[in-house]
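The data block below is my_file.pdb; it holds PDB, N, CA and C atoms.
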ATOM      1  N   MET A   1       2.246 -67.224  90.161  1.00  0.00           N
ATOM      2  CA  MET A   1       2.477 -67.686  88.799  1.00  0.00           C
ATOM      3  C   MET A   1       1.210 -68.333  88.292  1.00  0.00           C
ATOM      4  N   ASN A   2       0.859 -67.990  87.095  1.00  0.00           N
ATOM      5  CA  ASN A   2      -0.257 -68.642  86.441  1.00  0.00           C
ATOM      6  C   ASN A   2       0.308 -69.775  85.596  1.00  0.00           C
ATOM      7  N   ARG A   3       0.046 -70.989  86.010  1.00  0.00           N
ATOM      8  CA  ARG A   3       0.622 -72.152  85.326  1.00  0.00           C
ATOM      9  C   ARG A   3       0.138 -72.254  83.894  1.00  0.00           C
ATOM     10  N   ASN A   4      -1.076 -71.787  83.628  1.00  0.00           N
ATOM     11  CA  ASN A   4      -1.585 -71.809  82.257  1.00  0.00           C
ATOM     12  C   ASN A   4      -0.780 -70.875  81.360  1.00  0.00           C
ATOM     13  N   GLN A   5      -0.292 -69.770  81.922  1.00  0.00           N
ATOM     14  CA  GLN A   5       0.531 -68.853  81.148  1.00  0.00           C
ATOM     15  C   GLN A   5       1.832 -69.531  80.728  1.00  0.00           C
ATOM     16  N   LEU A   6       2.417 -70.302  81.621  1.00  0.00           N
ATOM     17  CA  LEU A   6       3.658 -71.008  81.296  1.00  0.00           C
ATOM     18  C   LEU A   6       3.414 -71.971  80.146  1.00  0.00           C
ATOM     19  N   GLU A   7       2.332 -72.732  80.237  1.00  0.00           N
ATOM     20  CA  GLU A   7       2.012 -73.677  79.167  1.00  0.00           C
ATOM     21  C   GLU A   7       1.697 -72.955  77.870  1.00  0.00           C
ATOM     22  N   GLY A   8       0.973 -71.844  77.971  1.00  0.00           N
ATOM     23  CA  GLY A   8       0.555 -71.126  76.776  1.00  0.00           C
ATOM     24  C   GLY A   8       1.679 -70.435  76.038  1.00  0.00           C
ATOM     25  N   THR A   9       2.757 -70.112  76.738  1.00  0.00           N
ATOM     26  CA  THR A   9       3.868 -69.405  76.106  1.00  0.00           C
ATOM     27  C   THR A   9       5.105 -70.281  75.953  1.00  0.00           C
ATOM     28  N   TRP A  10       4.968 -71.554  76.177  1.00  0.00           N
ATOM     29  CA  TRP A  10       6.120 -72.449  76.228  1.00  0.00           C
ATOM     30  C   TRP A  10       6.990 -72.361  74.978  1.00  0.00           C
ATOM     31  N   LYS A  11       6.383 -72.356  73.820  1.00  0.00           N
ATOM     32  CA  LYS A  11       7.173 -72.334  72.587  1.00  0.00           C
ATOM     33  C   LYS A  11       8.012 -71.071  72.493  1.00  0.00           C
ATOM     34  N   GLU A  12       7.492 -69.956  73.003  1.00  0.00           N
ATOM     35  CA  GLU A  12       8.234 -68.700  72.945  1.00  0.00           C
ATOM     36  C   GLU A  12       9.347 -68.619  73.988  1.00  0.00           C
ATOM     37  N   ILE A  13       9.171 -69.286  75.125  1.00  0.00           N
ATOM     38  CA  ILE A  13      10.143 -69.106  76.212  1.00  0.00           C
ATOM     39  C   ILE A  13      11.113 -70.262  76.397  1.00  0.00           C
ATOM     40  N   ARG A  14      11.017 -71.279  75.576  1.00  0.00           N
ATOM     41  CA  ARG A  14      11.943 -72.423  75.700  1.00  0.00           C
ATOM     42  C   ARG A  14      13.396 -71.978  75.738  1.00  0.00           C
ATOM     43  N   GLY A  15      13.745 -71.066  74.869  1.00  0.00           N
ATOM     44  CA  GLY A  15      15.126 -70.581  74.817  1.00  0.00           C
ATOM     45  C   GLY A  15      15.542 -69.881  76.087  1.00  0.00           C
ATOM     46  N   ARG A  16      14.629 -69.155  76.679  1.00  0.00           N
ATOM     47  CA  ARG A  16      14.938 -68.475  77.933  1.00  0.00           C
ATOM     48  C   ARG A  16      15.096 -69.470  79.076  1.00  0.00           C
ATOM     49  N   VAL A  17      14.365 -70.575  79.006  1.00  0.00           N
ATOM     50  CA  VAL A  17      14.529 -71.638  79.998  1.00  0.00           C
ATOM     51  C   VAL A  17      15.944 -72.205  79.886  1.00  0.00           C
ATOM     52  N   ARG A  18      16.388 -72.442  78.656  1.00  0.00           N
ATOM     53  CA  ARG A  18      17.744 -72.978  78.456  1.00  0.00           C
ATOM     54  C   ARG A  18      18.809 -71.990  78.903  1.00  0.00           C
ATOM     55  N   GLU A  19      18.556 -70.684  78.723  1.00  0.00           N
ATOM     56  CA  GLU A  19      19.509 -69.676  79.206  1.00  0.00           C
ATOM     57  C   GLU A  19      19.626 -69.735  80.725  1.00  0.00           C
ATOM     58  N   GLN A  20      18.509 -69.928  81.390  1.00  0.00           N
ATOM     59  CA  GLN A  20      18.491 -69.968  82.853  1.00  0.00           C
ATOM     60  C   GLN A  20      19.051 -71.271  83.397  1.00  0.00           C
ATOM     61  N   TRP A  21      18.674 -72.384  82.802  1.00  0.00           N
ATOM     62  CA  TRP A  21      19.091 -73.699  83.277  1.00  0.00           C
ATOM     63  C   TRP A  21      19.753 -74.443  82.127  1.00  0.00           C
ATOM     64  N   GLY A  22      21.006 -74.157  81.899  1.00  0.00           N
ATOM     65  CA  GLY A  22      21.760 -74.695  80.768  1.00  0.00           C
ATOM     66  C   GLY A  22      21.941 -76.201  80.784  1.00  0.00           C
ATOM     67  N   ARG A  23      21.740 -76.844  81.917  1.00  0.00           N
ATOM     68  CA  ARG A  23      21.883 -78.303  81.977  1.00  0.00           C
ATOM     69  C   ARG A  23      20.680 -79.037  81.392  1.00  0.00           C
ATOM     70  N   LEU A  24      19.590 -78.321  81.153  1.00  0.00           N
ATOM     71  CA  LEU A  24      18.414 -78.954  80.572  1.00  0.00           C
ATOM     72  C   LEU A  24      18.648 -79.188  79.089  1.00  0.00           C
ATOM     73  N   THR A  25      18.267 -80.351  78.638  1.00  0.00           N
ATOM     74  CA  THR A  25      18.459 -80.718  77.232  1.00  0.00           C
ATOM     75  C   THR A  25      17.197 -80.400  76.430  1.00  0.00           C
ATOM     76  N   ASP A  26      17.333 -80.460  75.113  1.00  0.00           N
ATOM     77  CA  ASP A  26      16.155 -80.290  74.262  1.00  0.00           C
ATOM     78  C   ASP A  26      15.119 -81.368  74.564  1.00  0.00           C
ATOM     79  N   ASP A  27      15.586 -82.578  74.837  1.00  0.00           N
ATOM     80  CA  ASP A  27      14.660 -83.652  75.203  1.00  0.00           C
ATOM     81  C   ASP A  27      13.927 -83.315  76.497  1.00  0.00           C
ATOM     82  N   ASP A  28      14.649 -82.745  77.476  1.00  0.00           N
ATOM     83  CA  ASP A  28      14.002 -82.316  78.719  1.00  0.00           C
ATOM     84  C   ASP A  28      12.901 -81.307  78.413  1.00  0.00           C
ATOM     85  N   LEU A  29      13.210 -80.342  77.572  1.00  0.00           N
ATOM     86  CA  LEU A  29      12.250 -79.294  77.253  1.00  0.00           C
ATOM     87  C   LEU A  29      11.030 -79.856  76.537  1.00  0.00           C
ATOM     88  N   ASP A  30      11.250 -80.860  75.700  1.00  0.00           N
ATOM     89  CA  ASP A  30      10.118 -81.508  75.022  1.00  0.00           C
ATOM     90  C   ASP A  30       9.213 -82.200  76.031  1.00  0.00           C
ATOM     91  N   VAL A  31       9.815 -82.862  77.016  1.00  0.00           N
ATOM     92  CA  VAL A  31       9.038 -83.575  78.036  1.00  0.00           C
ATOM     93  C   VAL A  31       8.319 -82.583  78.947  1.00  0.00           C
ATOM     94  N   ILE A  32       8.997 -81.506  79.324  1.00  0.00           N
ATOM     95  CA  ILE A  32       8.406 -80.499  80.208  1.00  0.00           C
ATOM     96  C   ILE A  32       7.182 -79.872  79.548  1.00  0.00           C
ATOM     97  N   ASP A  33       7.308 -79.494  78.304  1.00  0.00           N
ATOM     98  CA  ASP A  33       6.203 -78.972  77.484  1.00  0.00           C
ATOM     99  C   ASP A  33       5.342 -77.943  78.214  1.00  0.00           C
ATOM    100  N   GLY A  34       5.997 -77.065  78.976  1.00  0.00           N
ATOM    101  CA  GLY A  34       5.280 -75.987  79.632  1.00  0.00           C
ATOM    102  C   GLY A  34       4.625 -76.337  80.952  1.00  0.00           C
ATOM    103  N   LYS A  35       4.835 -77.522  81.440  1.00  0.00           N
ATOM    104  CA  LYS A  35       4.209 -77.947  82.701  1.00  0.00           C
ATOM    105  C   LYS A  35       5.092 -77.523  83.881  1.00  0.00           C
ATOM    106  N   PHE A  36       4.518 -76.720  84.753  1.00  0.00           N
ATOM    107  CA  PHE A  36       5.254 -76.171  85.887  1.00  0.00           C
ATOM    108  C   PHE A  36       5.905 -77.262  86.731  1.00  0.00           C
ATOM    109  N   ASP A  37       5.119 -78.256  87.146  1.00  0.00           N
ATOM    110  CA  ASP A  37       5.645 -79.307  88.017  1.00  0.00           C
ATOM    111  C   ASP A  37       6.755 -80.103  87.341  1.00  0.00           C
ATOM    112  N   GLN A  38       6.624 -80.302  86.045  1.00  0.00           N
ATOM    113  CA  GLN A  38       7.645 -81.031  85.288  1.00  0.00           C
ATOM    114  C   GLN A  38       8.935 -80.214  85.221  1.00  0.00           C
ATOM    115  N   LEU A  39       8.805 -78.902  85.026  1.00  0.00           N
ATOM    116  CA  LEU A  39       9.981 -78.026  85.005  1.00  0.00           C
ATOM    117  C   LEU A  39      10.684 -78.052  86.351  1.00  0.00           C
ATOM    118  N   VAL A  40       9.916 -77.938  87.425  1.00  0.00           N
ATOM    119  CA  VAL A  40      10.502 -77.973  88.769  1.00  0.00           C
ATOM    120  C   VAL A  40      11.228 -79.294  88.999  1.00  0.00           C
ATOM    121  N   GLY A  41      10.590 -80.401  88.669  1.00  0.00           N
ATOM    122  CA  GLY A  41      11.201 -81.711  88.870  1.00  0.00           C
ATOM    123  C   GLY A  41      12.465 -81.912  88.055  1.00  0.00           C
ATOM    124  N   THR A  42      12.456 -81.422  86.835  1.00  0.00           N
ATOM    125  CA  THR A  42      13.633 -81.584  85.982  1.00  0.00           C
ATOM    126  C   THR A  42      14.778 -80.710  86.472  1.00  0.00           C
ATOM    127  N   VAL A  43      14.480 -79.478  86.878  1.00  0.00           N
ATOM    128  CA  VAL A  43      15.513 -78.610  87.452  1.00  0.00           C
ATOM    129  C   VAL A  43      16.069 -79.262  88.717  1.00  0.00           C
ATOM    130  N   GLN A  44      15.202 -79.798  89.537  1.00  0.00           N
ATOM    131  CA  GLN A  44      15.629 -80.473  90.769  1.00  0.00           C
ATOM    132  C   GLN A  44      16.592 -81.603  90.453  1.00  0.00           C
ATOM    133  N   ASN A  45      16.237 -82.438  89.490  1.00  0.00           N
ATOM    134  CA  ASN A  45      17.074 -83.594  89.146  1.00  0.00           C
ATOM    135  C   ASN A  45      18.385 -83.187  88.498  1.00  0.00           C
ATOM    136  N   ARG A  46      18.346 -82.290  87.546  1.00  0.00           N
ATOM    137  CA  ARG A  46      19.563 -81.908  86.826  1.00  0.00           C
ATOM    138  C   ARG A  46      20.571 -81.189  87.709  1.00  0.00           C
ATOM    139  N   TYR A  47      20.065 -80.434  88.683  1.00  0.00           N
ATOM    140  CA  TYR A  47      20.952 -79.640  89.526  1.00  0.00           C
ATOM    141  C   TYR A  47      21.159 -80.240  90.921  1.00  0.00           C
ATOM    142  N   GLY A  48      20.481 -81.339  91.212  1.00  0.00           N
ATOM    143  CA  GLY A  48      20.673 -82.012  92.497  1.00  0.00           C
ATOM    144  C   GLY A  48      20.297 -81.146  93.683  1.00  0.00           C
ATOM    145  N   ILE A  49      19.167 -80.444  93.569  1.00  0.00           N
ATOM    146  CA  ILE A  49      18.735 -79.558  94.638  1.00  0.00           C
ATOM    147  C   ILE A  49      17.393 -80.045  95.186  1.00  0.00           C
ATOM    148  N   ALA A  50      17.024 -79.517  96.337  1.00  0.00           N
ATOM    149  CA  ALA A  50      15.753 -79.879  96.964  1.00  0.00           C
ATOM    150  C   ALA A  50      14.592 -79.353  96.125  1.00  0.00           C
ATOM    151  N   LYS A  51      13.463 -80.035  96.242  1.00  0.00           N
ATOM    152  CA  LYS A  51      12.272 -79.637  95.489  1.00  0.00           C
ATOM    153  C   LYS A  51      11.885 -78.194  95.809  1.00  0.00           C
ATOM    154  N   GLU A  52      11.941 -77.823  97.076  1.00  0.00           N
ATOM    155  CA  GLU A  52      11.564 -76.469  97.477  1.00  0.00           C
ATOM    156  C   GLU A  52      12.475 -75.434  96.831  1.00  0.00           C
ATOM    157  N   GLU A  53      13.761 -75.723  96.756  1.00  0.00           N
ATOM    158  CA  GLU A  53      14.713 -74.807  96.136  1.00  0.00           C
ATOM    159  C   GLU A  53      14.452 -74.692  94.633  1.00  0.00           C
ATOM    160  N   ALA A  54      14.178 -75.816  93.989  1.00  0.00           N
ATOM    161  CA  ALA A  54      13.878 -75.797  92.560  1.00  0.00           C
ATOM    162  C   ALA A  54      12.601 -75.017  92.291  1.00  0.00           C
ATOM    163  N   GLU A  55      11.587 -75.226  93.120  1.00  0.00           N
ATOM    164  CA  GLU A  55      10.320 -74.513  92.935  1.00  0.00           C
ATOM    165  C   GLU A  55      10.516 -73.010  93.140  1.00  0.00           C
ATOM    166  N   ARG A  56      11.269 -72.641  94.148  1.00  0.00           N
ATOM    167  CA  ARG A  56      11.548 -71.226  94.391  1.00  0.00           C
ATOM    168  C   ARG A  56      12.291 -70.613  93.212  1.00  0.00           C
ATOM    169  N   SER A  57      13.263 -71.342  92.700  1.00  0.00           N
ATOM    170  CA  SER A  57      14.037 -70.859  91.565  1.00  0.00           C
ATOM    171  C   SER A  57      13.164 -70.640  90.332  1.00  0.00           C
ATOM    172  N   VAL A  58      12.274 -71.596  90.062  1.00  0.00           N
ATOM    173  CA  VAL A  58      11.384 -71.478  88.903  1.00  0.00           C
ATOM    174  C   VAL A  58      10.412 -70.327  89.107  1.00  0.00           C
ATOM    175  N   ARG A  59       9.863 -70.213  90.303  1.00  0.00           N
ATOM    176  CA  ARG A  59       8.923 -69.107  90.580  1.00  0.00           C
ATOM    177  C   ARG A  59       9.617 -67.757  90.432  1.00  0.00           C
ATOM    178  N   GLU A  60      10.805 -67.594  90.975  1.00  0.00           N
ATOM    179  CA  GLU A  60      11.538 -66.327  90.868  1.00  0.00           C
ATOM    180  C   GLU A  60      11.862 -66.011  89.415  1.00  0.00           C
ATOM    181  N   TRP A  61      12.300 -67.013  88.674  1.00  0.00           N
ATOM    182  CA  TRP A  61      12.605 -66.817  87.249  1.00  0.00           C
ATOM    183  C   TRP A  61      11.357 -66.373  86.501  1.00  0.00           C
ATOM    184  N   TRP A  62      10.230 -67.045  86.746  1.00  0.00           N
ATOM    185  CA  TRP A  62       8.979 -66.707  86.057  1.00  0.00           C
ATOM    186  C   TRP A  62       8.546 -65.282  86.403  1.00  0.00           C
ATOM    187  N   HIS A  63       8.705 -64.913  87.660  1.00  0.00           N
ATOM    188  CA  HIS A  63       8.341 -63.560  88.078  1.00  0.00           C
ATOM    189  C   HIS A  63       9.201 -62.532  87.343  1.00  0.00           C
ATOM    190  N   ARG A  64      10.498 -62.747  87.300  1.00  0.00           N
ATOM    191  CA  ARG A  64      11.384 -61.815  86.563  1.00  0.00           C
ATOM    192  C   ARG A  64      10.993 -61.755  85.094  1.00  0.00           C
ATOM    193  N   LEU A  65      10.705 -62.885  84.525  1.00  0.00           N
ATOM    194  CA  LEU A  65      10.347 -62.948  83.108  1.00  0.00           C
ATOM    195  C   LEU A  65       9.068 -62.162  82.825  1.00  0.00           C
ATOM    196  N   THR A  66       8.074 -62.322  83.679  1.00  0.00           N
ATOM    197  CA  THR A  66       6.802 -61.655  83.436  1.00  0.00           C
ATOM    198  C   THR A  66       6.866 -60.162  83.775  1.00  0.00           C
ATOM    199  N   VAL A  67       7.707 -59.789  84.715  1.00  0.00           N
ATOM    200  CA  VAL A  67       7.849 -58.372  85.061  1.00  0.00           C
ATOM    201  C   VAL A  67       8.612 -57.639  83.957  1.00  0.00           C
ATOM    202  N   GLU A  68       9.658 -58.277  83.423  1.00  0.00           N
ATOM    203  CA  GLU A  68      10.456 -57.662  82.371  1.00  0.00           C
ATOM    204  C   GLU A  68       9.673 -57.556  81.068  1.00  0.00           C
ATOM    205  N   GLY A  69       8.759 -58.509  80.883  1.00  0.00           N
ATOM    206  CA  GLY A  69       7.949 -58.506  79.672  1.00  0.00           C
ATOM    207  C   GLY A  69       8.609 -59.216  78.622  1.00  0.00           C
TER     208      GLY A  69
END

Any chance you could put this one into structure tokens?
Amino acid sequence: MNRNQLEGTWKEIRGRVREQWGRLTDDDLDVIDGKFDQLVGTVQNRYGIAKEEAERSVREWWHRLTVEG
């Protein structure tokens, strides 16, 4: 994953983030602002999962998103 790509496309993909992780609020998305580590941490907290699991989930989601186009 290219973390700069996540930051650079954040405004376009915010909605897709909410589709994937519905527990994230608009305020969460504002704070995350395209930052990979912030997204992982927020997913971890909202879903009560381990950091490694949250990171894997975000990486897999990003891969699917970039492959699908």

Inset, instruction - Apply the PyMOL selection byres ((chain A and resi 34) around 7) to the structure shown and report the selected residues as a PyMOL selection string. - result: chain A and resi 3+6-11+29-33+35-39

Legend entry - Residue set, chain A restricted to alpha helix (DSSP H), as a ChimeraX atom specification: /A:3-8,10-20,26-32,36-47,51-68

Legend entry - Computed interatomic separation between atom CA of A:Glu55 and atom CA of A:Val40 (Å):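 Separating atom CA of A:Glu55 from atom CA of A:Val40 is a distance of 5.4 Å.
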
Legend entry - Separation of atom CA of A:Glu68 from atom CA of A:Thr42 in Å: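 Answer for the atom CA of A:Thr42 to atom CA of A:Glu68 separation: 24.4 Å.
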
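Here atom CA of A:Ile13 is placed at a distance of 20.6 Å from atom CA of A:Asn45.
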
Inset, instruction - Take the point (21.3, -76.8, 85.9) as written in the file and pick out every residue within 8 Å of it, counting all atoms listed in the file; give the list as a PyMOL selection string. - result: chain A and resi 20-24+42-48

With 6 Å of padding per side, what axis-aligned box (centre and edge lengths, Å, one decimal) covers all the listed atoms of stretch 27-34 of chain A? Give it as AutoDock Vina command-line options.
--center_x 10.1 --center_y -79.8 --center_z 77.9 --size_x 23.0 --size_y 19.7 --size_z 18.1

Legend entry - Distance query 6 Å from (13.8, -75.4, 78.4) using only N, CA and C atoms, result as a list in words: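 Residues lying no farther than 6 Å from the given point: Arg14, Gly15, Val17, Arg18, Asp28 and Leu29 of chain A.
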